[in-house]
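J.: For reference, this is work.txt, and it has compact mmCIF, C-alpha atoms (C1' of nucleotides).
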```txt
# COMPACT_ATOMS: atom_id res chain seq x y z
CA MET A 10 0.00 0.00 0.00
CA ALA A 11 1.34 3.46 -0.84
CA PRO A 12 2.31 5.42 2.27
CA MET A 13 0.06 8.29 3.27
CA ALA A 14 1.50 11.77 3.71
CA ASN A 15 2.34 11.48 7.38
CA LEU A 16 3.01 14.23 9.86
CA LYS A 17 6.26 13.60 11.75
CA ILE A 18 6.81 15.49 15.01
CA ALA A 19 10.06 15.35 16.99
CA SER A 20 10.87 16.55 20.51
CA TRP A 21 14.36 16.91 21.97
CA ASN A 22 15.89 18.43 25.10
CA ILE A 23 18.97 19.76 23.33
CA ASN A 24 20.93 21.30 26.26
CA SER A 25 21.91 24.44 24.28
CA VAL A 26 20.79 24.69 20.66
CA ARG A 27 23.88 26.71 19.73
CA ALA A 28 26.33 24.18 21.17
CA ARG A 29 24.46 21.35 19.37
CA LEU A 30 23.71 22.96 16.04
CA ASP A 31 25.60 20.25 14.12
CA ILE A 32 23.68 17.36 15.66
CA VAL A 33 20.34 19.15 15.35
CA GLU A 34 21.08 19.55 11.65
CA ARG A 35 21.99 15.87 11.42
CA LEU A 36 18.64 14.94 12.94
CA LEU A 37 16.77 17.18 10.49
CA ILE A 38 18.63 15.62 7.55
CA GLU A 39 18.21 12.03 8.70
CA GLU A 40 14.63 12.20 9.96
CA THR A 41 13.12 15.20 8.11
CA PRO A 42 10.41 15.83 10.71
CA GLU A 43 7.77 18.38 9.74
CA ILE A 44 8.04 19.87 13.23
CA LEU A 45 10.81 19.87 15.84
CA CYS A 46 10.14 20.90 19.45
CA LEU A 47 13.24 21.82 21.46
CA GLN A 48 13.70 22.26 25.19
CA GLU A 49 16.66 23.83 27.02
CA THR A 50 17.61 25.98 24.05
CA LYS A 51 19.63 28.22 26.42
CA VAL A 52 19.45 31.23 24.12
CA VAL A 53 17.55 34.52 24.03
CA ASP A 54 15.28 34.99 21.02
CA GLU A 55 17.50 37.77 19.62
CA THR A 56 20.46 35.41 19.10
CA PHE A 57 18.61 32.21 18.16
CA PRO A 58 20.50 30.44 15.33
CA HIS A 59 17.83 30.92 12.66
CA GLU A 60 20.03 30.35 9.61
CA MET A 61 20.51 26.58 9.86
CA PHE A 62 16.79 25.98 10.35
CA ALA A 63 15.85 28.31 7.49
CA ARG A 64 18.29 26.47 5.21
CA HIS A 65 16.35 23.24 5.79
CA GLY A 66 12.96 24.81 5.19
CA TYR A 67 11.93 25.35 8.81
CA ASP A 68 10.46 28.75 8.05
CA GLN A 69 8.16 28.81 11.07
CA ARG A 70 10.25 29.39 14.19
CA ILE A 71 8.25 30.03 17.34
CA LEU A 72 10.61 30.95 20.16
CA HIS A 73 10.43 31.45 23.89
CA GLY A 74 13.90 31.95 25.26
CA GLN A 75 15.54 33.65 28.22
CA PRO A 76 19.17 34.29 29.22
CA MET A 77 21.29 31.38 30.49
CA HIS A 78 18.80 28.64 31.22
CA HIS A 79 15.67 26.89 30.03
CA GLY A 80 14.09 28.13 26.80
CA VAL A 81 11.83 26.28 24.33
CA ALA A 82 11.22 26.52 20.59
CA ILE A 83 9.01 25.04 17.86
CA LEU A 84 10.55 24.80 14.38
CA SER A 85 8.22 23.86 11.52
CA ARG A 86 8.37 23.16 7.78
CA ILE A 87 4.58 23.40 7.57
CA PRO A 88 2.49 26.51 8.19
CA LEU A 89 1.27 27.10 11.71
CA ASP A 90 -1.84 28.96 12.73
CA ALA A 91 -1.23 32.69 12.58
CA GLU A 92 -2.73 33.31 15.99
CA THR A 93 -0.39 34.47 18.73
CA PRO A 94 1.40 31.46 20.20
CA ALA A 95 0.50 30.65 23.80
CA ARG A 96 3.15 30.97 26.49
CA HIS A 97 1.99 29.53 29.78
CA ASP A 98 3.96 30.38 32.91
CA TRP A 99 3.00 27.36 34.97
CA GLN A 100 5.68 28.09 37.54
CA ASP A 101 4.46 31.69 37.94
CA ASN A 102 8.02 33.06 38.02
CA GLY A 103 8.65 34.19 34.44
CA GLU A 104 10.86 31.29 33.34
CA ALA A 105 10.66 30.28 29.67
CA ARG A 106 9.32 26.73 29.91
CA HIS A 107 6.40 26.51 27.51
CA ILE A 108 5.39 27.43 23.99
CA GLY A 109 2.26 26.24 22.21
CA VAL A 110 0.84 26.59 18.72
CA ARG A 111 -2.10 25.35 16.67
CA LEU A 112 -1.35 23.17 13.65
CA PRO A 113 -3.20 23.65 10.35
CA ASN A 114 -5.25 20.50 11.02
CA GLY A 115 -6.62 22.09 14.22
CA ILE A 116 -4.54 20.03 16.65
CA ARG A 117 -2.74 22.01 19.31
CA LEU A 118 0.94 21.33 20.00
CA GLU A 119 2.22 22.16 23.48
CA ASN A 120 5.98 22.05 24.13
CA VAL A 121 6.96 22.04 27.80
CA TYR A 122 10.10 21.92 29.94
CA VAL A 123 9.06 20.91 33.46
CA PRO A 124 11.45 22.15 36.19
CA ALA A 125 14.01 19.61 37.34
CA GLY A 126 13.17 20.28 40.99
CA GLY A 127 16.58 20.46 42.68
CA ASP A 128 18.22 17.76 44.76
CA ILE A 129 16.12 17.27 47.90
CA PRO A 130 12.61 15.82 47.39
CA ASP A 131 11.01 17.91 50.12
CA ARG A 132 9.31 21.25 49.52
CA ALA A 133 10.06 22.40 53.08
CA GLN A 134 13.81 22.03 52.55
CA ASN A 135 13.99 22.74 48.83
CA ALA A 136 11.83 25.42 47.23
CA LYS A 137 12.58 24.12 43.73
CA PHE A 138 10.90 20.82 44.52
CA GLY A 139 7.74 22.64 45.60
CA GLN A 140 7.87 24.76 42.45
CA LYS A 141 8.05 21.61 40.34
CA LEU A 142 4.96 20.15 42.02
CA ASP A 143 3.15 23.49 41.75
CA PHE A 144 4.06 23.73 38.06
CA LEU A 145 2.41 20.34 37.52
CA GLY A 146 -0.58 21.45 39.59
CA ARG A 147 -1.13 24.49 37.37
CA MET A 148 -0.68 22.32 34.29
CA THR A 149 -3.34 20.00 35.66
CA ARG A 150 -5.84 22.84 36.09
CA TRP A 151 -5.09 23.94 32.50
CA SER A 152 -5.47 20.35 31.31
CA GLU A 153 -8.81 19.84 33.10
CA SER A 154 -10.42 22.59 31.05
CA LEU A 155 -8.74 21.59 27.78
CA ARG A 156 -11.27 20.88 25.02
CA GLU A 157 -9.11 20.95 21.89
CA PRO A 158 -7.33 17.82 20.59
CA THR A 159 -3.75 18.29 21.76
CA LEU A 160 -0.28 16.79 21.60
CA LEU A 161 1.76 17.58 24.72
CA VAL A 162 5.49 16.96 24.34
CA GLY A 163 8.69 17.73 26.14
CA ASP A 164 10.99 17.08 29.06
CA PHE A 165 8.65 16.28 31.95
CA ASN A 166 11.60 15.52 34.25
CA ILE A 167 9.69 12.62 35.79
CA ALA A 168 10.10 8.91 35.09
CA PRO A 169 6.70 7.59 36.21
CA LEU A 170 6.89 3.80 35.95
CA GLU A 171 9.17 1.39 37.78
CA CYS A 172 10.52 0.28 34.40
CA ASP A 173 11.21 3.91 33.43
CA VAL A 174 14.42 3.94 35.51
CA TRP A 175 17.44 1.68 35.77
CA SER A 176 16.68 0.89 39.42
CA HIS A 177 13.27 1.67 40.89
CA LYS A 178 14.49 0.84 44.40
CA GLN A 179 17.59 3.03 44.23
CA LEU A 180 15.74 5.99 42.74
CA LEU A 181 12.74 6.16 45.07
CA ASP A 182 14.33 9.08 46.94
CA VAL A 183 15.88 10.67 43.89
CA VAL A 184 14.10 13.66 42.36
CA SER A 185 12.46 12.54 39.08
CA HIS A 186 11.15 9.23 40.43
CA THR A 187 9.79 9.96 43.94
CA PRO A 188 6.26 8.75 44.77
CA ILE A 189 4.91 12.32 45.18
CA GLU A 190 6.18 13.30 41.73
CA VAL A 191 4.74 10.15 40.17
CA GLU A 192 1.40 10.78 41.89
CA THR A 193 1.34 14.44 40.81
CA LEU A 194 2.15 13.53 37.21
CA GLY A 195 -0.56 10.87 37.39
CA GLN A 196 -3.13 13.52 38.32
CA LEU A 197 -2.09 15.51 35.25
CA GLN A 198 -2.46 12.43 33.07
CA THR A 199 -5.90 11.59 34.46
CA SER A 200 -7.16 15.17 34.05
CA HIS A 201 -7.39 14.82 30.26
CA ASP A 202 -7.13 11.04 29.77
CA TRP A 203 -3.75 11.72 28.17
CA ILE A 204 -2.35 8.77 26.22
CA ASP A 205 1.34 8.14 26.97
CA LEU A 206 2.56 7.39 23.44
CA GLY A 207 5.91 6.14 24.73
CA ARG A 208 4.14 3.29 26.49
CA ARG A 209 1.46 2.76 23.86
CA PHE A 210 4.19 1.92 21.36
CA VAL A 211 6.79 0.44 23.75
CA PRO A 212 4.63 -1.24 26.41
CA ALA A 213 5.90 -1.60 29.97
CA PRO A 214 8.08 -3.19 31.19
CA GLN A 215 10.20 -2.79 28.07
CA ARG A 216 13.26 -0.58 28.44
CA ASN A 217 12.58 2.87 26.97
CA TYR A 218 14.98 5.43 28.48
CA THR A 219 15.38 8.95 27.05
CA TRP A 220 18.13 10.37 29.29
CA TRP A 221 21.54 9.22 30.53
CA SER A 222 23.82 11.28 32.80
CA TYR A 223 26.94 12.91 31.38
CA ARG A 224 28.83 11.68 34.40
CA ALA A 225 28.94 8.01 33.57
CA LYS A 226 32.29 6.96 32.16
CA ASP A 227 30.45 4.91 29.56
CA TRP A 228 26.75 5.79 29.43
CA ALA A 229 25.83 2.77 27.29
CA ALA A 230 27.77 0.26 29.37
CA SER A 231 26.36 1.43 32.71
CA ASP A 232 22.95 2.17 31.11
CA ARG A 233 21.65 4.04 34.14
CA GLY A 234 18.92 5.69 32.13
CA ARG A 235 15.59 7.27 32.91
CA ARG A 236 12.48 7.97 30.78
CA LEU A 237 12.13 11.70 31.48
CA ASP A 238 10.90 12.85 28.06
CA HIS A 239 7.38 12.20 26.91
CA MET A 240 4.76 12.64 24.24
CA TRP A 241 1.19 12.61 25.51
CA ALA A 242 -1.81 12.83 23.19
CA SER A 243 -5.49 13.51 23.61
CA PRO A 244 -7.34 10.23 22.89
CA ALA A 245 -8.50 11.49 19.48
CA VAL A 246 -4.94 12.50 18.56
CA ALA A 247 -3.46 9.23 19.81
CA GLU A 248 -5.73 7.36 17.38
CA LYS A 249 -3.88 9.04 14.52
CA ALA A 250 -0.41 8.04 15.76
CA VAL A 251 1.07 5.31 13.58
CA ALA A 252 4.67 5.14 14.81
CA HIS A 253 6.75 6.31 17.74
CA ARG A 254 10.47 5.99 18.40
CA VAL A 255 13.10 7.06 20.92
CA LEU A 256 16.32 7.74 19.01
CA GLU A 257 18.78 6.26 21.47
CA SER A 258 21.65 6.30 18.96
CA CYS A 259 21.75 10.11 19.17
CA ARG A 260 23.27 9.75 22.66
CA SER A 261 26.43 8.48 20.91
CA TRP A 262 26.73 11.39 18.48
CA LEU A 263 29.62 13.83 18.86
CA ARG A 264 29.10 16.28 21.77
CA PRO A 265 25.64 14.89 22.51
CA SER A 266 22.78 16.17 24.61
CA ASP A 267 22.17 14.05 27.69
CA HIS A 268 18.62 13.55 26.34
CA VAL A 269 17.69 11.86 23.05
CA PRO A 270 14.92 12.81 20.60
CA LEU A 271 11.44 11.29 20.49
CA ILE A 272 9.56 11.09 17.21
CA THR A 273 5.90 10.32 16.57
CA GLU A 274 4.35 9.95 13.14
CA PHE A 275 0.70 10.75 12.61
CA GLU A 276 -1.50 9.73 9.71
CA VAL A 277 -3.36 12.88 8.74
C1' DA B 19 31.05 5.72 41.09
C1' DT B 20 23.55 9.39 41.52
C1' DG B 21 27.85 12.53 40.15
C1' DG B 22 32.71 11.15 38.10
C1' DC B 23 30.26 16.00 33.23
C1' DT B 24 28.46 19.88 30.52
C1' DG B 25 27.07 24.69 28.91
C1' DG B 26 26.39 29.71 29.71
C1' DT B 27 28.36 33.56 31.26
C1' DA B 28 31.63 35.80 33.57
C1' DG B 29 36.08 36.44 33.59
C1' DA B 30 34.28 31.97 39.68
C1' DA B 31 37.08 28.09 44.83
C1' DC B 32 30.02 30.07 39.76
C1' DC B 33 25.29 28.26 38.75
C1' DA B 34 22.19 24.79 37.11
C1' DG B 35 21.02 20.43 35.35
C1' DA B 36 18.58 15.54 37.28
```
Here is the file; what I need is its structure written in the form of structure tokens.
T.:
Amino acid sequence: MAPMANLKIASWNINSVRARLDIVERLLIEETPEILCLQETKVVDETFPHEMFARHGYDQRILHGQPMHHGVAILSRIPLDAETPARHDWQDNGEARHIGVRLPNGIRLENVYVPAGGDIPDRAQNAKFGQKLDFLGRMTRWSESLREPTLLVGDFNIAPLECDVWSHKQLLDVVSHTPIEVETLGQLQTSHDWIDLGRRFVPAPQRNYTWWSYRAKDWAASDRGRRLDHMWASPAVAEKAVAHRVLESCRSWLRPSDHVPLITEFEV
DNA sequence: ATGGCTGGTAGAACCAGA
């Protein structure tokens, strides 16, 4: 059967888009996604590296950057709705952690970088941990009232399932896999019946990590990974998903990000 | 050996990531 014209959407925490421009270009050449969502661009909008993306036809570049840290962007080869892109501040502190647009087919695309949450999993001792939970709480209230078919992608900084980390037991007290984070993320998921595409296509308990620390001497040999990056779809959007992959090989590219890209293909 | 590294920005015996 002849392939349909699919819509391919990628998401990648790039840990500085300027430092990784070569490997971002390699991904665009090898995978030719229609849309690429980036997190941790670490660049203000004024100095975003537009040229490489323009050269590959990504004429729509929706940016939300800030100095030093964080920052998100949506790069697209297909037209996006002309309406003003949404920028939610779910942490209520001005950090650049979300950008959203509407696709021509009416589906909304929301690109989010959830706060890491610091080291100590206790909001009394560590304000960042409380801010992370509050960020998810505000996202949940947004999600409860959501009526449009939506694809929510990004670095959620939580590995929810036991099989989403290299050692459930050893990570129970480590921020990203604590019970309170898993419960809070679960409330977000329930609030819209979000479909976790990573687990629809790679069912638990199969290994499906998206992040490996820079500090391991040999990340692949130790394989102490976590599934921190996600693509969640409204039920009606999930029905259109025909393929989903985590591009683990990108972790071995020269000067890699510590996260790898996720790609979902939709039949539209 | 869950921080052993990494980037941004300053020009750090720094900060943040997760």
J.: Between CA of Ala229 (chain A) and CA of Pro270 (chain A), what distance in Å does the model show, to one decimal?
T.: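 Going from CA of Ala229 (chain A) over to CA of Pro270 (chain A) covers 16.3 Å.
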J.: Hey, which of A:Val26, A:Leu271, A:Cys259, A:Val191 ends up closest to chain B? Count all atoms listed in the file.
T.: A:Val26
J.: Find the residues in chain A near chain B: any atom within 6 Å counts, using all atoms listed in the file. Write them as a list in words.
T.: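 Per the criterion, chain A yields Met77, Tyr223 and Arg224 of chain A.
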J.: Around (0.3, 11.4, 15.0) in the file's own coordinates, what residues are found within 6 Å if you use all atoms listed in the file, given back as a list in words?
T.: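 Residues with an atom close enough to that point: Lys249, Ala250, Thr273, Glu274, Phe275 and Glu276 of chain A.
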J.: Keeping C-alpha atoms for every residue in the selection just given, could you write it to a file as a compact mmCIF listing (two decimals), in the frame of the given file?
T.:
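Saved as again-v7.txt:
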```txt
# COMPACT_ATOMS: atom_id res chain seq x y z
CA LYS A 249 -3.88 9.04 14.52
CA ALA A 250 -0.41 8.04 15.76
CA THR A 273 5.90 10.32 16.57
CA GLU A 274 4.35 9.95 13.14
CA PHE A 275 0.70 10.75 12.61
CA GLU A 276 -1.50 9.73 9.71
```
J.: Can you work out which one of A:Val121, A:Ala133, A:Leu197, A:Leu30 has the shortest atom-to-atom distance to Ser154 (chain A), counting only C-alpha atoms?
T.: A:Leu197
J.: Have a look at A:His253, A:His59, A:Arg35, A:His97 and name the one nearest to Leu206 (chain A); count all atoms listed in the file.
T.: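 Among A:His253, A:His59, A:Arg35, A:His97, it is A:His253 that comes nearest to Leu206 (chain A).
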J.: Quick one: distance from CA of Leu45 (chain A) to CA of Thr149 (chain A) in Å, one decimal?
T.: 24.4 Å
J.: What is the CA of Ile129 (chain A) to CA of Ala168 (chain A) distance in Å?
T.: 16.4 Å
J.: For Phe138 (chain A), work out the shell of residues within 8 Å, counting all atoms listed in the file and skipping chain neighbours fewer than 4 positions away, then give it as an mmCIF file with C-alpha atoms, in the frame of the given file.
T.:
```cif
data_model
loop_
_atom_site.group_PDB
_atom_site.id
_atom_site.type_symbol
_atom_site.label_atom_id
_atom_site.label_comp_id
_atom_site.auth_asym_id
_atom_site.auth_seq_id
_atom_site.Cartn_x
_atom_site.Cartn_y
_atom_site.Cartn_z
ATOM 1 C CA ALA A 125 14.010 19.610 37.340
ATOM 2 C CA GLY A 126 13.170 20.280 40.990
ATOM 3 C CA GLY A 127 16.580 20.460 42.680
ATOM 4 C CA ASP A 128 18.220 17.760 44.760
ATOM 5 C CA ILE A 129 16.120 17.270 47.900
ATOM 6 C CA PRO A 130 12.610 15.820 47.390
ATOM 7 C CA ASP A 131 11.010 17.910 50.120
ATOM 8 C CA ARG A 132 9.310 21.250 49.520
ATOM 9 C CA LEU A 142 4.960 20.150 42.020
#
```
J.: Kindly provide the residues of region 22-46 of chain A that approach region 208-221 of chain A to within 12 Å, each paired with its closest atom pair and their distance in Å to one decimal, based on all atoms listed in the file, listed by chain and increasing number, as a Markdown table.
T.:
```
| residue | atom | partner | partner_atom | distance |
| --- | --- | --- | --- | --- |
| A:Asn22 | CA | A:Trp220 | CA | 9.4 |
| A:Ile23 | CA | A:Trp220 | CA | 11.2 |
| A:Asn24 | CA | A:Trp220 | CA | 11.7 |
```
J.: Where atoms are missing, can you supply N, CA and C atoms for region 64-80 of chain A and output the lot as a short mmCIF file (atom, residue, chain, number, x, y, z; two decimals), keeping the file's coordinate frame?
T.:
```cif
data_model
loop_
_atom_site.label_atom_id
_atom_site.label_comp_id
_atom_site.auth_asym_id
_atom_site.auth_seq_id
_atom_site.Cartn_x
_atom_site.Cartn_y
_atom_site.Cartn_z
N ARG A 64 17.66 27.19 6.34
CA ARG A 64 18.29 26.47 5.21
C ARG A 64 17.60 25.14 4.93
N HIS A 65 17.03 24.53 5.96
CA HIS A 65 16.35 23.24 5.79
C HIS A 65 14.84 23.39 5.67
N GLY A 66 14.38 24.61 5.47
CA GLY A 66 12.96 24.81 5.19
C GLY A 66 12.09 25.00 6.42
N TYR A 67 12.71 25.13 7.59
CA TYR A 67 11.93 25.35 8.81
C TYR A 67 11.68 26.86 8.94
N ASP A 68 10.71 27.31 8.16
CA ASP A 68 10.46 28.75 8.05
C ASP A 68 9.64 29.29 9.21
N GLN A 69 8.93 28.39 9.89
CA GLN A 69 8.16 28.81 11.07
C GLN A 69 9.01 28.52 12.30
N ARG A 70 9.41 29.58 13.00
CA ARG A 70 10.25 29.39 14.19
C ARG A 70 9.63 30.18 15.34
N ILE A 71 8.98 29.43 16.22
CA ILE A 71 8.25 30.03 17.34
C ILE A 71 9.12 29.86 18.58
N LEU A 72 9.58 30.99 19.12
CA LEU A 72 10.61 30.95 20.16
C LEU A 72 10.08 31.46 21.49
N HIS A 73 10.62 30.89 22.55
CA HIS A 73 10.43 31.45 23.89
C HIS A 73 11.70 31.17 24.68
N GLY A 74 12.61 32.12 24.60
CA GLY A 74 13.90 31.95 25.26
C GLY A 74 14.07 32.93 26.40
N GLN A 75 15.15 32.74 27.14
CA GLN A 75 15.54 33.65 28.22
C GLN A 75 17.05 33.51 28.36
N PRO A 76 17.73 34.43 29.04
CA PRO A 76 19.17 34.29 29.22
C PRO A 76 19.54 33.05 30.04
N MET A 77 20.66 32.45 29.69
CA MET A 77 21.29 31.38 30.49
C MET A 77 20.60 30.03 30.42
N HIS A 78 19.40 29.96 30.99
CA HIS A 78 18.80 28.64 31.22
C HIS A 78 17.48 28.47 30.48
N HIS A 79 17.02 27.21 30.53
CA HIS A 79 15.67 26.89 30.03
C HIS A 79 15.51 27.30 28.55
N GLY A 80 14.33 27.73 28.18
CA GLY A 80 14.09 28.13 26.80
C GLY A 80 13.53 26.97 25.98
#
```
